[in-house]
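Visitor: Take this structure first; my questions come after.
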Amino acid sequence: MPSEQKLGSAIVDTVFANMVSSQNESSLLSSEGDSQRTQYPYVTGTSVIGIKYKDGILMAADMGGSYGSTIRYKSVERLKQVGKHSLIGASGEISDFQEILRYLDELILHDSMWDDGNSLGPKEVHNYLTRVLYNRRNKFDPLWNSLVLGGVKNGQKYLGSVSMIGVHFEDDHVATGFGNHLARPILREEWREDLTFEEGVKLLEKCMRNLLYRDRSAVNKLQIAKITEEGLTISQPYSLKTFWNFAAFKNPTVGAEGSW
Amino acid sequence: MSSIGTGYDLSVTTFSPDGRVFQIEYAAKAVDNSGTVVGIKCKDGIVIGVEKLIASKMMLPGSNRRIHSVHRHSGMGVAGLAADGRQIVARAKSEAHNYESTYGEPIPIKELADRVASYVHLCTLYWWLRPFGSGVILGGYDRDGPQLYMVEPSGVSYRYFGAAIGKGRQAAKTEIEKLKLSEMTCRQGVIEVAKIIYGVHDEAKDKTFELEMSWVCDESNRQHQKVPEALLEEAKAAAKAALEEMDAD
């Protein structure tokens with residue numbers, strides 16, 4: 001049986017129970033100790049690419065979780081559904097992504113409990129994520145992720161990205177990490193408003209293949225997710241065909257005996 | 001069974017000579033004077049129905065929800081003082097959320113009922129708090145199947161096959177006992193609950209009412225939600241028809 005003092009705070013807690021989100025707990029912690037706390041990412045995912053196409057959004061990400069230079073995990077699902085209308089893809093620290101998924105789960109749960117026929121769309125979720133990431137960055141305690149958020153609601157397609165410092169964009173095609181340097185140039189040349197599903201997948205695969213060749217943290221096992229007004233599907237993992245039969249790769253030790 | 005508790009009814013921390021706490025009984029009266037709330041456990045889920053007495057014609061239909069989702073798999077219908085009921089719902093939501101955060105699975109309905117009952121009971125132990133003037137019927141669907149609980153202002157909570165609180169509870173309970181709940185699906189249960197609520201509504205004494213119903217069953221994917229429009233209309237029509245049949249006799 002709680003003492004009267006504890007009950008007093010218990011009652012106060014109850015009143016504020018709805019308003020306190022898990023973010024407030026971390027703010028209580030960080031105000032106590034050091035005000036400068038950067039993190040180091042441990043298990044990371046690499047690029048995510050998202051494009052708008054005729055019927056909705058297509059997103060691609062591989063399934064690798066790197067532990068520094070080791071490719072430690074090869075079945076990490078980095079594309080996840082958020083509510084009825086949205087799809088999130090994450091790169092960066094995987095544990096922070098799991099935490100973000102918990103925040104989003106709470107967000108979607110509270111939204112659904114209203115039971116009023118409305119549900120949060122991709123624009124709202126993107127905005128929420130931006131606020132979360134930006135506020136964490138301001139406390140020098142970032143969630144070390146770059147996120148791609150896409151979806152369709154009431155016929156409107158939406159695609160955006162947020163980085164760990166809270167920089168957010170909305171565009172017809174977005175990417176995180178190395179994708180920005182290797183995939184976006186391809187997309188700038190070849191993306192069109194009226195891509196069909198097949199064309200979109202081919203375009204994404206072209207970008208992912210490029211990343212596979214050039215990004216050391218990429219693994220050859222990827223998923224492609226599609227979200228349209230009707231709903232969301234995330235493909236089963238599959239691999240891309242690669243071509244290594246370049247002349248320069250044949251007999252690589254010619255002229256340098258002893259090397260490999 | 002009303003007796004004047006002169007002198008012994010001023011505080012919730014005072015017992016009367018015959019062992020009653022009058023403040024709690026008075027709190028229960030607040031529940032007894034509100035619109036009827038009915039809950040039944042069918043073979044594949046729970047149905048909750050509320051007789052929402054409409055205070056003013058100006059109110060928008062569908063507003064002032066009396067049934068609230070507490071988590072994905074459970075909800076509660078509230079009777080009595082609406083503001084008190086809101087607090088109970090808020091606490092239940094908080095408990096459900098904390099449980100899932102800690103244990104990684106949705107809160108078992110038994111546990112949720114326990115926690116809500118403890119909380120309601122808490123407010124009957126201190127002189128500087130008043131008891132909640134509302135009771136709830138809590139229904140949910142967890143690993144052990146569908147379950148129905150009722151929590152009263154005294155903090156007592158029991159598990160039921162069928163429960164009713166509010167004005168028409170006596171008549172409602174009689175009707176519920178006539179039903180063969182173990183053989184009924186929630187689809188049929190919705191119709192029966194509508195009939196009961198329309199049946200116990202006192203046209204003479206009370207103004208018009210709005211029927212609000214929710215369910216959590218296999219058909220709703222074990223999610224607690226409002227009964228779908230089409231089924232709700234079907235239930236209302238069946239209830240009105242049943243009433244006319246009774247009047248015709």
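We label chains A, B, ... in the order they appear in the structure tokens, count residues from 1 in each chain, and number ligands from 1 in the order shown.
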Specify as a list in words all residues of chain B found within 9 Å of chain A, counting only C-alpha atoms.
Guide: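 Here is what falls inside 9 Å: His68, Ser69, Val70, His71, Arg72, Gln87, Ala90, Arg91, Lys93, Ser94, His97, Ser101, Leu122, Tyr126, His224, Gln225 and Lys226 of chain B.
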Visitor: Set the distance at 9 Å and use only C-alpha atoms: which residues neighbour B:Lys236 once local chain neighbours fewer than 6 positions away are removed? I'd like the list as a PyMOL selection string.
Guide: chain B and resi 191+194-195+198+211
Visitor: Do you know which residues are at most 12 Å from A:Glu205 counting only C-alpha atoms, after dropping those on the same chain fewer than 2 positions away, and could you put them as a PyMOL selection string?
Guide: chain A and resi 48-51+58-62+183+186-187+198-203+207-212+220-224+238-242
Visitor: Env of B:Glu51: 10 Å cut, atoms = only C-alpha atoms, seq-sep filter 3 positions within chain, self excluded. Answer as number ranges by chain.
Guide: B: 34-38, 54, 66, 79, 166-168, 194, 196-198, 200-201, 208-213
Visitor: Find the residue from A:Pro237, A:Gly45, A:Gly68, A:Gly121 that sits nearest to A:Lys157; use only C-alpha atoms when measuring.
Guide: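 The shortest atom-to-atom distance to A:Lys157 comes from A:Gly121.
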Visitor: I need the residue nearest A:Phe97 from this list: A:Leu79, A:Val125, A:Val152, A:Ile57. Use only C-alpha atoms for the distance.
Guide: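 Between A:Leu79, A:Val125, A:Val152, A:Ile57, the residue approaching A:Phe97 most closely is A:Leu79.
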Visitor: Calculate how many Å separate atom CA of B:Ser11 from atom CA of B:Trp127, rounding to one decimal.
Guide: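 Spanning atom CA of B:Ser11 to atom CA of B:Trp127 is a straight-line distance of 6.2 Å.
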Visitor: In Å, with one decimal, what is the gap from atom CA of A:Thr46 to atom CA of A:Tyr213?
Guide: 13.3 Å
Visitor: Taking 5 positions as the minimum chain separation for residues in the same chain, which residues sit within 7 Å of stretch 165-176 of chain A when counting only C-alpha atoms? Answer as a tab-separated table (two decimals) with N, CA and C atoms, in the first residue's frame.
Guide:
```tsv
chain	number	residue	atom	x	y	z
A	47	SER	N	22.45	1.99	-47.15
A	47	SER	CA	21.48	2.85	-47.85
A	47	SER	C	20.06	2.30	-47.93
A	48	VAL	N	19.12	3.27	-48.00
A	48	VAL	CA	17.73	2.97	-48.35
A	48	VAL	C	17.40	3.88	-49.53
A	49	ILE	N	16.71	3.35	-50.53
A	49	ILE	CA	16.31	4.21	-51.67
A	49	ILE	C	14.78	4.17	-51.78
A	50	GLY	N	14.18	5.34	-52.02
A	50	GLY	CA	12.73	5.38	-52.21
A	50	GLY	C	12.39	6.19	-53.44
A	51	ILE	N	11.41	5.72	-54.21
A	51	ILE	CA	10.95	6.50	-55.37
A	51	ILE	C	9.44	6.50	-55.44
A	52	LYS	N	8.90	7.58	-55.97
A	52	LYS	CA	7.47	7.60	-56.28
A	52	LYS	C	7.30	6.94	-57.63
A	91	SER	N	18.28	3.51	-42.22
A	91	SER	CA	19.69	3.16	-42.25
A	91	SER	C	20.29	3.73	-40.97
A	130	THR	N	10.47	13.74	-37.75
A	130	THR	CA	11.37	14.90	-37.80
A	130	THR	C	11.48	15.54	-36.43
A	133	LEU	N	13.55	13.26	-34.02
A	133	LEU	CA	14.99	13.25	-34.31
A	133	LEU	C	15.63	14.60	-34.02
A	134	TYR	N	14.95	15.66	-34.37
A	134	TYR	CA	15.52	16.99	-34.15
A	134	TYR	C	15.68	17.29	-32.66
A	137	ARG	N	18.54	15.42	-31.22
A	137	ARG	CA	19.80	15.99	-31.66
A	137	ARG	C	20.13	17.22	-30.81
A	146	SER	N	19.15	7.48	-40.49
A	146	SER	CA	18.54	8.27	-41.57
A	146	SER	C	17.35	7.48	-42.05
A	159	LEU	N	6.56	11.12	-50.20
A	159	LEU	CA	7.86	10.48	-49.97
A	159	LEU	C	8.80	11.50	-49.35
A	160	GLY	N	9.37	11.14	-48.21
A	160	GLY	CA	10.27	12.09	-47.56
A	160	GLY	C	11.39	11.36	-46.85
A	184	ARG	N	21.12	8.44	-56.35
A	184	ARG	CA	20.37	9.62	-56.78
A	184	ARG	C	20.75	10.14	-58.16
```
Visitor: List every residue of stretch 16-153 of chain B that DSSP, applied to the backbone of this structure, places in helix (DSSP H, G or I), and write the result as an MDAnalysis selection string.
Guide: chainID B and resid 22:32 82:103 109:122
